[in-house]
$ cat entry34.csv   # CSV, C-alpha atoms and all ligand atoms
chain,number,residue,atom,x,y,z
A,1,MET,CA,128.5,77.1,99.1
A,2,ARG,CA,125.8,74.8,100.5
A,3,SER,CA,122.8,73.1,98.9
A,4,THR,CA,120.5,71.5,101.3
A,5,THR,CA,116.7,70.9,101.0
A,6,CYS,CA,114.5,71.5,104.0
A,7,THR,CA,110.9,72.5,104.7
A,8,ALA,CA,111.0,76.0,106.2
A,9,ARG,CA,108.8,79.0,106.4
A,10,LEU,CA,107.6,80.1,103.0
A,11,ILE,CA,108.5,83.6,101.9
A,12,ASP,CA,106.7,84.6,98.7
A,13,PHE,CA,108.4,87.0,96.2
A,14,VAL,CA,105.3,89.1,96.3
A,15,ASP,CA,101.9,88.9,98.0
A,16,LEU,CA,99.4,91.7,97.5
A,17,ARG,CA,96.9,90.5,100.1
A,18,PRO,CA,98.0,92.9,102.9
A,19,VAL,CA,97.7,95.8,100.5
A,20,HIS,CA,94.2,94.8,99.5
A,21,ARG,CA,93.2,94.1,103.1
A,22,THR,CA,94.1,97.7,103.9
A,23,CYS,CA,92.1,99.2,100.9
A,24,LEU,CA,89.2,96.9,100.2
A,25,PRO,CA,86.8,98.0,103.1
A,26,ARG,CA,86.8,101.6,101.8
A,27,TRP,CA,86.7,100.6,98.2
A,28,ARG,CA,83.7,98.3,98.8
A,29,ARG,CA,81.8,101.3,100.2
A,30,LYS,CA,82.8,103.3,97.2
A,31,LEU,CA,81.7,100.5,94.9
A,32,GLN,CA,78.1,101.0,96.2
A,33,GLU,CA,78.3,104.7,95.3
A,34,LEU,CA,79.6,103.8,91.9
A,35,VAL,CA,76.8,101.4,91.2
A,36,LYS,CA,74.3,104.0,92.3
A,37,ARG,CA,75.9,106.6,90.0
A,38,SER,CA,76.3,104.0,87.2
A,39,GLN,CA,78.9,106.1,85.2
A,40,TRP,CA,81.7,103.7,84.3
A,41,ILE,CA,83.9,105.6,81.9
A,42,LEU,CA,85.7,108.9,82.3
A,43,GLY,CA,83.5,110.0,85.3
A,44,PRO,CA,84.2,111.8,88.5
A,45,GLU,CA,86.5,109.1,90.0
A,46,VAL,CA,88.9,109.4,87.1
A,47,ALA,CA,88.8,113.2,87.2
A,48,ALA,CA,89.4,113.2,91.0
A,49,PHE,CA,92.2,110.6,90.7
A,50,GLU,CA,94.0,112.6,88.0
A,51,ARG,CA,94.0,115.6,90.3
A,52,GLU,CA,95.1,113.7,93.4
A,53,PHE,CA,97.7,111.7,91.6
A,54,ALA,CA,99.2,114.8,90.0
A,55,ASP,CA,99.3,116.5,93.4
A,56,ALA,CA,101.0,113.5,95.0
A,57,MET,CA,103.7,113.4,92.3
A,58,GLY,CA,104.1,117.1,92.4
A,59,ALA,CA,103.0,117.3,88.7
A,60,PRO,CA,100.9,120.2,87.3
A,61,PHE,CA,98.6,117.8,85.3
A,62,CYS,CA,97.8,114.2,84.8
A,63,VAL,CA,95.8,112.1,82.3
A,64,ALA,CA,94.9,108.6,83.3
A,65,THR,CA,95.2,105.7,80.8
A,66,ALA,CA,94.4,102.0,80.6
A,67,SER,CA,98.1,101.1,81.1
A,68,GLY,CA,101.6,102.4,81.6
A,69,THR,CA,102.5,101.2,78.0
A,70,ASP,CA,99.7,103.5,76.7
A,71,ALA,CA,100.9,106.4,78.9
A,72,LEU,CA,104.4,106.0,77.3
A,73,THR,CA,102.9,105.8,73.8
A,74,LEU,CA,100.8,108.9,74.4
A,75,ALA,CA,103.9,110.7,75.7
A,76,LEU,CA,105.8,109.9,72.5
A,77,TRP,CA,102.9,111.1,70.3
A,78,LEU,CA,102.7,114.3,72.3
A,79,ALA,CA,106.4,114.7,71.7
A,80,GLY,CA,105.8,114.4,68.0
A,81,VAL,CA,107.3,110.9,67.7
A,82,SER,CA,105.4,108.7,65.3
A,83,THR,CA,107.4,107.8,62.2
A,84,PRO,CA,109.9,105.0,61.5
A,85,GLU,CA,112.7,107.5,60.6
A,86,GLN,CA,112.5,108.8,64.1
A,87,GLU,CA,114.8,107.0,66.6
A,88,VAL,CA,114.1,106.8,70.3
A,89,VAL,CA,117.0,105.7,72.6
A,90,THR,CA,116.1,103.6,75.5
A,91,THR,CA,117.5,100.9,77.9
A,92,PRO,CA,117.8,97.2,77.1
A,93,LEU,CA,117.1,96.5,80.8
A,94,SER,CA,113.4,97.0,81.4
A,95,ALA,CA,110.1,95.3,80.8
A,96,PRO,CA,109.5,94.9,77.1
A,97,PHE,CA,106.6,97.5,77.4
A,98,THR,CA,109.1,100.4,77.4
A,99,ALA,CA,110.4,99.5,74.0
A,100,LEU,CA,107.0,98.3,72.8
A,101,ALA,CA,105.6,101.8,73.4
A,102,ILE,CA,108.2,103.1,71.0
A,103,VAL,CA,107.3,100.6,68.3
A,104,ARG,CA,103.5,101.2,68.9
A,105,ALA,CA,104.1,105.0,68.6
A,106,GLY,CA,105.5,104.2,65.1
A,107,ALA,CA,109.1,105.0,65.7
A,108,ARG,CA,112.3,103.0,65.8
A,109,VAL,CA,113.9,101.7,69.0
A,110,ARG,CA,117.6,102.2,69.6
A,111,PHE,CA,119.0,100.5,72.6
A,112,ALA,CA,122.0,101.9,74.5
A,113,ASP,CA,124.1,100.3,77.1
A,114,ILE,CA,123.6,101.0,80.8
A,115,ASP,CA,125.6,102.1,83.8
A,116,GLU,CA,127.5,99.2,85.3
A,117,ASN,CA,126.8,100.2,89.0
A,118,THR,CA,123.2,101.5,88.9
A,119,LEU,CA,122.0,99.5,85.9
A,120,LEU,CA,120.3,102.7,84.7
A,121,LEU,CA,120.4,104.2,81.3
A,122,GLU,CA,122.3,107.4,82.1
A,123,PRO,CA,123.2,110.4,79.9
A,124,ALA,CA,126.8,109.3,79.8
A,125,THR,CA,126.0,105.7,78.7
A,126,ALA,CA,123.3,106.9,76.2
A,127,GLU,CA,125.3,109.7,74.5
A,128,PRO,CA,127.5,107.5,72.3
A,129,TYR,CA,124.3,105.9,70.8
A,130,LEU,CA,122.6,109.1,69.7
A,131,THR,CA,122.5,109.5,66.0
A,132,ARG,CA,121.2,112.3,63.7
A,133,ASN,CA,117.9,110.4,63.6
A,134,THR,CA,117.5,110.4,67.4
A,135,VAL,CA,114.5,112.6,68.3
A,136,ALA,CA,113.8,111.4,71.8
A,137,VAL,CA,115.3,109.6,74.8
A,138,LEU,CA,113.3,107.3,77.1
A,139,PRO,CA,115.2,106.5,80.3
A,140,VAL,CA,113.6,104.2,82.9
A,141,HIS,CA,113.7,104.8,86.7
A,142,LEU,CA,114.4,101.1,87.2
A,143,TYR,CA,113.5,99.3,90.4
A,144,GLY,CA,112.3,102.6,91.9
A,145,GLN,CA,115.6,104.5,91.6
A,146,LEU,CA,115.7,107.8,89.6
A,147,CYS,CA,118.1,108.3,86.8
A,148,ASP,CA,120.4,111.3,86.7
A,149,LEU,CA,117.6,113.8,85.9
A,150,PRO,CA,119.7,117.0,85.9
A,151,GLY,CA,122.1,115.2,83.5
A,152,TRP,CA,119.2,114.0,81.3
A,153,LYS,CA,117.6,117.4,81.2
A,154,ARG,CA,121.0,118.9,80.1
A,155,LEU,CA,121.6,116.3,77.4
A,156,ALA,CA,118.0,116.6,76.1
A,157,SER,CA,118.2,120.4,75.9
A,158,ASN,CA,121.7,120.5,74.3
A,159,ARG,CA,120.8,117.9,71.7
A,160,GLN,CA,117.2,119.1,71.3
A,161,LEU,CA,115.7,115.8,72.2
A,162,ALA,CA,112.4,115.0,73.8
A,163,LEU,CA,112.9,113.5,77.2
A,164,ILE,CA,110.2,111.0,78.2
A,165,GLN,CA,110.5,109.4,81.7
A,166,ASP,CA,109.4,105.9,82.3
A,167,ALA,CA,108.4,106.1,86.0
A,168,CYS,CA,106.3,102.9,85.9
A,169,GLN,CA,108.4,101.6,88.8
A,170,ALA,CA,108.9,104.9,90.7
A,171,HIS,CA,105.6,106.2,92.1
A,172,GLY,CA,106.3,108.9,94.7
A,173,ALA,CA,110.0,109.3,93.8
A,174,PHE,CA,111.4,112.8,93.9
A,175,TYR,CA,114.8,114.0,92.9
A,176,CYS,CA,116.3,115.9,95.8
A,177,GLY,CA,112.7,116.8,96.7
A,178,ARG,CA,112.0,118.0,93.1
A,179,ALA,CA,109.1,116.6,91.1
A,180,LEU,CA,109.9,114.6,88.0
A,181,THR,CA,107.9,117.0,85.8
A,182,GLU,CA,110.5,119.7,86.6
A,183,PHE,CA,112.9,117.8,84.4
A,184,SER,CA,110.8,116.9,81.4
A,185,HIS,CA,107.3,117.4,80.0
A,186,TRP,CA,106.2,113.8,80.1
A,187,VAL,CA,106.4,111.2,83.0
A,188,ALA,CA,104.6,107.9,82.6
A,189,TYR,CA,103.4,105.6,85.4
A,190,SER,CA,101.9,102.1,85.5
A,191,PHE,CA,99.3,100.8,88.0
A,192,TYR,CA,99.9,97.2,87.2
A,193,PRO,CA,98.8,95.5,90.5
A,194,THR,CA,102.3,94.7,91.8
A,195,LYS,CA,103.6,98.3,91.4
A,196,ASN,CA,104.2,100.5,94.5
A,197,LEU,CA,100.7,102.0,93.6
A,198,GLY,CA,98.8,99.2,92.0
A,199,ALA,CA,95.2,98.9,90.7
A,200,LEU,CA,93.0,95.8,90.8
A,201,GLY,CA,94.0,95.2,87.2
A,202,ASP,CA,95.7,97.3,84.5
A,203,GLY,CA,96.0,101.1,84.6
A,204,GLY,CA,98.4,103.9,83.9
A,205,ALA,CA,98.8,107.7,83.9
A,206,LEU,CA,100.8,110.3,82.2
A,207,CYS,CA,101.9,113.3,84.2
A,208,LEU,CA,102.4,116.5,82.2
A,209,ALA,CA,104.3,119.6,82.9
A,210,ARG,CA,102.5,121.8,80.4
A,211,GLU,CA,98.8,122.7,80.3
A,212,GLY,CA,99.2,122.9,76.5
A,213,ASP,CA,99.5,119.1,76.2
A,214,LEU,CA,96.4,118.4,78.3
A,215,GLU,CA,93.7,118.7,75.6
A,216,MET,CA,95.5,116.6,73.1
A,217,ALA,CA,96.4,114.0,75.7
A,218,ARG,CA,92.8,113.6,76.7
A,219,ALA,CA,91.8,113.4,73.1
A,220,LEU,CA,94.5,110.8,72.2
A,221,ARG,CA,93.5,108.4,75.0
A,222,ASP,CA,89.8,108.6,73.9
A,223,GLY,CA,89.9,107.6,70.3
A,224,GLY,CA,91.3,111.0,69.3
A,225,ARG,CA,88.0,112.6,70.1
A,226,ARG,CA,87.5,116.2,71.4
A,227,GLU,CA,84.8,116.9,73.9
A,228,ASP,CA,82.3,117.4,71.0
A,229,HIS,CA,82.9,113.7,70.0
A,230,VAL,CA,84.7,114.7,66.8
A,231,ALA,CA,87.9,112.7,66.2
A,232,VAL,CA,90.6,115.1,65.4
A,233,VAL,CA,93.5,112.6,65.4
A,234,PRO,CA,93.6,108.8,65.2
A,235,GLY,CA,94.1,108.2,68.9
A,236,MET,CA,93.7,105.0,71.0
A,237,ASN,CA,91.1,103.6,73.3
A,238,SER,CA,93.0,103.9,76.6
A,239,ARG,CA,90.8,105.1,79.4
A,240,LEU,CA,91.3,104.2,83.1
A,241,ASP,CA,88.0,102.6,84.4
A,242,GLU,CA,86.0,104.4,87.1
A,243,LEU,CA,86.3,101.2,89.1
A,244,GLN,CA,90.1,101.3,89.0
A,245,ALA,CA,90.2,105.0,89.7
A,246,ALA,CA,88.0,104.6,92.7
A,247,TYR,CA,90.3,101.9,94.1
A,248,LEU,CA,93.5,103.9,93.3
A,249,ARG,CA,92.2,106.9,95.1
A,250,VAL,CA,91.9,104.8,98.3
A,251,ALA,CA,95.3,103.3,97.7
A,252,LEU,CA,97.0,106.6,96.9
A,253,GLU,CA,96.4,107.8,100.5
A,254,HIS,CA,98.7,105.0,101.7
A,255,LEU,CA,101.5,105.4,99.2
A,256,PRO,CA,103.8,107.6,101.3
A,257,ARG,CA,103.6,105.2,104.2
A,258,TRP,CA,104.0,102.1,101.9
A,259,ASN,CA,107.1,103.7,100.3
A,260,GLU,CA,108.6,104.4,103.7
A,261,ARG,CA,108.0,100.8,104.7
A,262,ARG,CA,109.8,99.7,101.5
A,263,ARG,CA,112.8,101.9,102.4
A,264,HIS,CA,112.8,100.5,105.9
A,265,LEU,CA,112.9,96.9,104.6
A,266,ALA,CA,115.6,97.8,102.0
A,267,ARG,CA,117.7,99.2,104.8
A,268,ILE,CA,117.4,95.9,106.7
A,269,TYR,CA,118.5,94.0,103.6
A,270,ASP,CA,121.4,96.4,103.2
A,271,GLU,CA,122.6,96.0,106.8
A,272,GLU,CA,122.1,92.2,106.9
A,273,LEU,CA,124.0,91.6,103.6
A,274,ALA,CA,126.8,94.0,104.4
A,275,SER,CA,129.0,91.3,105.9
A,276,ILE,CA,129.2,89.3,102.7
A,277,PRO,CA,132.1,90.3,100.4
A,278,VAL,CA,130.9,92.5,97.5
A,279,GLU,CA,132.5,90.0,95.0
A,280,LEU,CA,129.9,87.5,96.1
A,281,ILE,CA,126.8,89.7,96.4
A,282,ARG,CA,126.1,93.4,96.3
A,283,PRO,CA,122.9,95.5,96.0
A,284,VAL,CA,122.6,97.5,92.9
A,285,LYS,CA,124.2,100.9,93.6
A,286,ARG,CA,121.9,103.6,94.8
A,287,PHE,CA,122.3,107.3,95.5
A,288,PRO,CA,120.7,108.8,98.7
A,289,GLU,CA,119.8,112.1,97.0
A,290,ARG,CA,117.7,110.1,94.5
A,291,ALA,CA,115.7,108.6,97.4
A,292,SER,CA,114.7,105.3,95.8
A,293,VAL,CA,111.1,104.1,96.4
A,294,TYR,CA,112.3,100.5,96.1
A,295,HIS,CA,109.9,99.0,93.7
A,296,LEU,CA,112.2,96.0,93.9
A,297,TYR,CA,115.3,95.0,95.9
A,298,VAL,CA,117.8,93.8,93.4
A,299,VAL,CA,121.3,92.4,94.1
A,300,ARG,CA,124.1,91.2,91.8
A,301,ALA,CA,124.9,87.7,92.9
A,302,ASN,CA,127.9,85.4,92.2
A,303,GLN,CA,126.6,81.9,91.3
A,304,ARG,CA,123.1,83.3,91.0
A,305,GLU,CA,121.4,80.1,89.8
A,306,ALA,CA,122.8,78.1,92.7
A,307,LEU,CA,121.8,80.8,95.2
A,308,ARG,CA,118.3,80.9,93.7
A,309,GLU,CA,117.9,77.2,94.0
A,310,TYR,CA,119.3,77.2,97.6
A,311,LEU,CA,116.7,79.9,98.5
A,312,ALA,CA,113.9,78.1,96.7
A,313,ASN,CA,114.8,74.9,98.6
A,314,HIS,CA,114.4,76.9,101.8
A,315,GLY,CA,111.0,78.2,100.8
A,316,VAL,CA,112.2,81.6,99.6
A,317,ARG,CA,110.9,82.7,96.2
A,318,THR,CA,112.9,85.1,94.1
A,319,ALA,CA,112.6,86.6,90.6
A,320,ILE,CA,114.8,88.1,87.9
A,321,HIS,CA,114.1,91.5,86.4
A,322,TYR,CA,115.0,90.9,83.6
A,323,PRO,CA,116.4,87.6,82.4
A,324,VAL,CA,117.0,88.6,78.8
A,325,PRO,CA,118.0,92.1,77.7
A,326,LEU,CA,115.5,93.6,75.3
A,327,HIS,CA,117.8,93.8,72.3
A,328,LEU,CA,118.2,90.0,72.4
A,329,GLN,CA,114.5,89.3,72.6
A,330,PRO,CA,112.9,88.1,69.3
A,331,ALA,CA,110.4,91.0,69.4
A,332,PHE,CA,113.1,93.5,69.0
A,333,THR,CA,115.5,92.0,66.5
A,334,SER,CA,114.6,94.9,64.2
A,335,ALA,CA,117.0,97.0,66.4
A,336,GLY,CA,119.7,94.9,64.6
A,337,LEU,CA,121.8,94.0,67.7
A,338,ARG,CA,123.6,90.8,68.5
A,339,PRO,CA,125.0,89.1,71.6
A,340,GLY,CA,128.0,91.2,72.8
A,341,ASP,CA,126.7,94.5,71.5
A,342,LEU,CA,125.6,95.8,74.8
A,343,PRO,CA,127.9,94.0,77.2
A,344,VAL,CA,127.1,95.8,80.5
A,345,ALA,CA,123.4,95.0,80.2
A,346,GLU,CA,124.1,91.5,79.0
A,347,LYS,CA,126.4,90.7,81.9
A,348,ALA,CA,123.9,92.3,84.4
A,349,THR,CA,121.1,89.9,83.2
A,350,GLN,CA,123.3,87.0,84.2
A,351,GLU,CA,123.8,88.3,87.7
A,352,ILE,CA,120.8,90.2,88.9
A,353,LEU,CA,118.4,88.7,91.4
A,354,SER,CA,115.3,90.3,92.9
A,355,LEU,CA,114.9,89.2,96.5
A,356,PRO,CA,111.4,88.9,98.1
A,357,PHE,CA,110.1,92.4,98.6
A,358,GLY,CA,107.0,94.2,99.5
A,359,LEU,CA,104.5,94.9,102.2
A,360,HIS,CA,103.8,91.3,102.9
A,361,LEU,CA,107.2,90.9,104.6
A,362,ARG,CA,107.9,91.3,108.3
A,363,GLU,CA,111.3,92.5,109.4
A,364,SER,CA,112.1,89.0,110.6
A,365,ASP,CA,111.4,87.7,107.0
A,366,VAL,CA,114.0,90.0,105.6
A,367,ARG,CA,116.5,89.0,108.2
A,368,HIS,CA,115.7,85.3,107.6
A,369,VAL,CA,116.3,85.7,103.8
A,370,ALA,CA,119.5,87.6,104.4
A,371,ALA,CA,120.7,84.9,107.0
A,372,LEU,CA,120.1,82.2,104.4
A,373,ILE,CA,122.1,84.2,101.8
A,374,ARG,CA,124.9,84.6,104.4
A,375,ARG,CA,124.9,80.8,105.0
A,376,PHE,CA,124.9,80.1,101.3
A,377,TYR,CA,128.1,82.2,100.8
A,378,LEU,CA,129.9,82.0,104.1
A,379,GLY,CA,128.7,78.7,105.6
A,380,PRO,CA,127.2,78.3,109.2
A,381,ARG,CA,128.9,80.6,111.6
A,401,LIG,C1,109.6,99.9,83.6
A,401,LIG,C2,108.2,99.6,83.0
A,401,LIG,N1,107.8,100.3,81.9
A,401,LIG,C3,106.6,100.1,81.4
A,401,LIG,C4,105.7,99.2,82.0
A,401,LIG,C5,104.4,99.0,81.4
A,401,LIG,O1,103.3,99.2,82.2
A,401,LIG,P1,101.9,98.5,82.0
A,401,LIG,O2,102.1,97.0,82.3
A,401,LIG,O3,101.0,99.2,82.9
A,401,LIG,O4,101.5,98.7,80.6
A,401,LIG,C6,106.1,98.5,83.1
A,401,LIG,C7,105.2,97.5,83.8
A,401,LIG,O5,105.1,96.4,83.5
A,401,LIG,C8,107.4,98.7,83.7
A,401,LIG,O6,107.8,98.1,84.8

$ encode --input "entry34.csv" --output "structure tokens" --more "lines below"
Ligand SMILES: Cc1ncc(COP(=O)(O)O)c(C=O)c1O
Amino acid sequence: MRSTTCTARLIDFVDLRPVHRTCLPRWRRKLQELVKRSQWILGPEVAAFEREFADAMGAPFCVATASGTDALTLALWLAGVSTPEQEVVTTPLSAPFTALAIVRAGARVRFADIDENTLLLEPATAEPYLTRNTVAVLPVHLYGQLCDLPGWKRLASNRQLALIQDACQAHGAFYCGRALTEFSHWVAYSFYPTKNLGALGDGGALCLAREGDLEMARALRDGGRREDHVAVVPGMNSRLDELQAAYLRVALEHLPRWNERRRHLARIYDEELASIPVELIRPVKRFPERASVYHLYVVRANQREALREYLANHGVRTAIHYPVPLHLQPAFTSAGLRPGDLPVAEKATQEILSLPFGLHLRESDVRHVAALIRRFYLGPR
């Protein structure tokens, strides 16, 4: 294993400028229309985006929110989850916002361990953690790969649990061509700028399978108000801005092509890293039928810190998603878990490494990063 320092070409972990260069000319023209119209909250852009995003995800309905966290919270409320006696089982390997949504909804978080190969919370890994207080399950389609949705649907139906999907990293993902709302009533998305579909700030959406949820979802995101401005429930203030909706409508048109590009870049990483023994480095396992949209390209790496430093010394920025499992983060000590309680997730956080990924990369950048990794593990050849 080498450790040399040199000045080389810089490869950022993420760089959104190419995405914005593609979208901004049209968005700027739209901005002029918006200023003329001067309707900034819950106007025609949000309504049109909700229709278009639902269509693109194959969902019957969609309600836009101010963030993915809010979309998850809304989903929990719609599922009737709002009291501390109600437990929601979720993954310890995610952004804290997944678990935070459960806390904010008013329920109790119960973390379950994950699958060793995919790093996903799957029905088989979650089942031992279900208790008689469990009312809902919240799996995350981590890094853009879908969980075992038929399995989740079966488990939820057998145990009469609400199934809420965190698709905040999985815009445009379909399971064997089937929309995510075919598997459960609630699917939450985030438009945080770095997502596969990102806004110019925060944003989110909840896709709904049932028309019956629509009116309450709209009320809940708007202070609990009905259209006649009477608050029927204590909701939240979580409205996607017209400005963001207008931008997202432009970006959404590019999503299929962007996801295809991500898949292409991921294939190159796969091929270029294949000659390194799997004991040293291996991509997180993926299933072709789940057609990942590759929000991130994540490997499990032996000697991760040394590899990270070697890449950094060669101008390559990497990241870790996520360095500390949620059950060991101070915000979630109320879950009552200690080191060693969820060993698969804990081991994973010591090994995972997110390689530079996104639309700013050329194919030659990906090959260059992979060549550096080969040199780190195998020496110059
Ligand atoms: C898996 C996952 N869940 C939830 C969220 C929360 O989304 P937001 O940042 O839009 O609230 C994110 C994004 O950070 C995420 O990656």

$ residues_around --input "entry34.csv" --residues "stretch 29-38 of chain A" --least-positions-apart "3" --cutoff "12 Å" --atoms "all atoms listed in the file" --output "NGL selection string"
:A and (23-26 or 41-46 or 241-250)

$ closest_residue --input "entry34.csv" --among "A:Ser157, A:Thr181, A:Ser238, A:Gln39" --to "ligand LIG 401 (chain A)" --atoms "all atoms listed in the file"
A:Ser238

$ atom_distance --input "entry34.csv" --atom1 "atom CA of A:Gly203" --atom2 "atom CA of A:Ala64"
7.7 Å

$ residues_near_ligand --input "entry34.csv" --ligand "ligand LIG 401 (chain A)" --cutoff "10 Å" --atoms "all atoms listed in the file" --output "ChimeraX atom specification"
/A:65-73,91,93-101,139-144,165-170,188-195,198-199,201-205,295,321

$ residues_around --input "entry34.csv" --residues "A:Gly177" --least-positions-apart "5" --cutoff "12 Å" --atoms "all atoms listed in the file" --output "ChimeraX atom specification"
/A:57-58,146,172,182,288-292

$ write_last_selection --input "entry34.csv" --atoms "C-alpha atoms" --output "PDB file, in the coordinates of the input"
ATOM      1  CA  MET A  57     103.700 113.400  92.300  1.00  0.00           C
ATOM      2  CA  GLY A  58     104.100 117.100  92.400  1.00  0.00           C
ATOM      3  CA  LEU A 146     115.700 107.800  89.600  1.00  0.00           C
ATOM      4  CA  GLY A 172     106.300 108.900  94.700  1.00  0.00           C
ATOM      5  CA  GLU A 182     110.500 119.700  86.600  1.00  0.00           C
ATOM      6  CA  PRO A 288     120.700 108.800  98.700  1.00  0.00           C
ATOM      7  CA  GLU A 289     119.800 112.100  97.000  1.00  0.00           C
ATOM      8  CA  ARG A 290     117.700 110.100  94.500  1.00  0.00           C
ATOM      9  CA  ALA A 291     115.700 108.600  97.400  1.00  0.00           C
ATOM     10  CA  SER A 292     114.700 105.300  95.800  1.00  0.00           C
TER      11      SER A 292
END

$ atom_distance --input "entry34.csv" --atom1 "atom CA of A:Asp115" --atom2 "atom CA of A:Leu155"
16.1 Å

$ residues_around --input "entry34.csv" --residues "stretch 256-263 of chain A" --least-positions-apart "5" --cutoff "12 Å" --atoms "only C-alpha atoms" --output "number ranges by chain"
A: 18-19, 22, 56-57, 143-145, 169-174, 195-198, 251, 268-270, 286, 288, 291-297, 356-363, 366

$ write_last_selection --input "entry34.csv" --atoms "C-alpha atoms" --output "compact mmCIF listing (two decimals), in the frame of the given file"
# COMPACT_ATOMS: atom_id res chain seq x y z
CA PRO A 18 98.00 92.90 102.90
CA VAL A 19 97.70 95.80 100.50
CA THR A 22 94.10 97.70 103.90
CA ALA A 56 101.00 113.50 95.00
CA MET A 57 103.70 113.40 92.30
CA TYR A 143 113.50 99.30 90.40
CA GLY A 144 112.30 102.60 91.90
CA GLN A 145 115.60 104.50 91.60
CA GLN A 169 108.40 101.60 88.80
CA ALA A 170 108.90 104.90 90.70
CA HIS A 171 105.60 106.20 92.10
CA GLY A 172 106.30 108.90 94.70
CA ALA A 173 110.00 109.30 93.80
CA PHE A 174 111.40 112.80 93.90
CA LYS A 195 103.60 98.30 91.40
CA ASN A 196 104.20 100.50 94.50
CA LEU A 197 100.70 102.00 93.60
CA GLY A 198 98.80 99.20 92.00
CA ALA A 251 95.30 103.30 97.70
CA ILE A 268 117.40 95.90 106.70
CA TYR A 269 118.50 94.00 103.60
CA ASP A 270 121.40 96.40 103.20
CA ARG A 286 121.90 103.60 94.80
CA PRO A 288 120.70 108.80 98.70
CA ALA A 291 115.70 108.60 97.40
CA SER A 292 114.70 105.30 95.80
CA VAL A 293 111.10 104.10 96.40
CA TYR A 294 112.30 100.50 96.10
CA HIS A 295 109.90 99.00 93.70
CA LEU A 296 112.20 96.00 93.90
CA TYR A 297 115.30 95.00 95.90
CA PRO A 356 111.40 88.90 98.10
CA PHE A 357 110.10 92.40 98.60
CA GLY A 358 107.00 94.20 99.50
CA LEU A 359 104.50 94.90 102.20
CA HIS A 360 103.80 91.30 102.90
CA LEU A 361 107.20 90.90 104.60
CA ARG A 362 107.90 91.30 108.30
CA GLU A 363 111.30 92.50 109.40
CA VAL A 366 114.00 90.00 105.60

$ closest_residue --input "entry34.csv" --among "A:Ala274, A:Ala107, A:Leu353, A:Cys147" --to "A:Asn302" --atoms "all atoms listed in the file"
A:Leu353

$ atom_distance --input "entry34.csv" --atom1 "atom CA of A:Thr131" --atom2 "atom CA of A:Leu220"
28.7 Å

$ closest_residue --input "entry34.csv" --among "A:Glu85, A:Leu273, A:Asp113, A:Leu74" --to "A:Gly223" --atoms "all atoms listed in the file"
A:Leu74

$ residues_near_point --input "entry34.csv" --point "(99.1, 119.4, 85.6)" --cutoff "8 Å" --atoms "all atoms listed in the file" --output "list in words"
Arg51, Ala54, Ala59, Pro60, Phe61, Cys62, Cys207, Leu208, Ala209, Arg210, Glu211 and Leu214 of chain A

$ write_last_selection --input "entry34.csv" --atoms "C-alpha atoms" --output "compact mmCIF listing (two decimals), keeping the file's coordinate frame"
# COMPACT_ATOMS: atom_id res chain seq x y z
CA ARG A 51 94.00 115.60 90.30
CA ALA A 54 99.20 114.80 90.00
CA ALA A 59 103.00 117.30 88.70
CA PRO A 60 100.90 120.20 87.30
CA PHE A 61 98.60 117.80 85.30
CA CYS A 62 97.80 114.20 84.80
CA CYS A 207 101.90 113.30 84.20
CA LEU A 208 102.40 116.50 82.20
CA ALA A 209 104.30 119.60 82.90
CA ARG A 210 102.50 121.80 80.40
CA GLU A 211 98.80 122.70 80.30
CA LEU A 214 96.40 118.40 78.30

$ residues_around --input "entry34.csv" --residues "A:Glu305" --least-positions-apart "5" --cutoff "10 Å" --atoms "only C-alpha atoms" --output "PyMOL selection string"
chain A and resi 310-311+350-351+353

$ residues_around --input "entry34.csv" --residues "A:Val316" --least-positions-apart "2" --cutoff "6 Å" --atoms "all atoms listed in the file" --output "list in words"
Leu10, Ile11, Leu311, Ala312 and His314 of chain A

$ closest_residue --input "entry34.csv" --among "A:His327, A:Arg178, A:His185, A:Arg218" --to "A:Val89" --atoms "only C-alpha atoms"
A:His327

$ axis_aligned_box --input "entry34.csv" --around "stretch 308-324 of chain A" --padding-each-side "6 Å" --output "JSON"
{"center_x": 115.1, "center_y": 83.2, "center_z": 90.3, "size_x": 20.4, "size_y": 28.6, "size_z": 35.0}

$ decode --input "entry34.csv" --residues "stretch 279-296 of chain A" --atoms "C-alpha atoms" --output "short mmCIF file (atom, residue, chain, number, x, y, z; two decimals), in the first residue's frame"
data_model
loop_
_atom_site.label_atom_id
_atom_site.label_comp_id
_atom_site.auth_asym_id
_atom_site.auth_seq_id
_atom_site.Cartn_x
_atom_site.Cartn_y
_atom_site.Cartn_z
CA GLU A 279 -11.17 -8.68 0.33
CA LEU A 280 -9.54 -5.32 -0.41
CA ILE A 281 -12.38 -3.42 -2.03
CA ARG A 282 -15.88 -4.24 -3.25
CA PRO A 283 -18.83 -2.17 -4.30
CA VAL A 284 -21.93 -2.48 -2.15
CA LYS A 285 -23.96 -5.36 -3.63
CA ARG A 286 -26.68 -4.40 -6.06
CA PHE A 287 -29.43 -6.34 -7.79
CA PRO A 288 -29.99 -5.67 -11.51
CA GLU A 289 -33.78 -6.01 -11.22
CA ARG A 290 -33.82 -3.15 -8.72
CA ALA A 291 -32.09 -0.90 -11.29
CA SER A 292 -30.23 1.43 -8.94
CA VAL A 293 -30.25 5.12 -9.82
CA TYR A 294 -26.86 5.47 -8.13
CA HIS A 295 -27.30 8.48 -5.95
CA LEU A 296 -23.85 7.52 -4.66
#
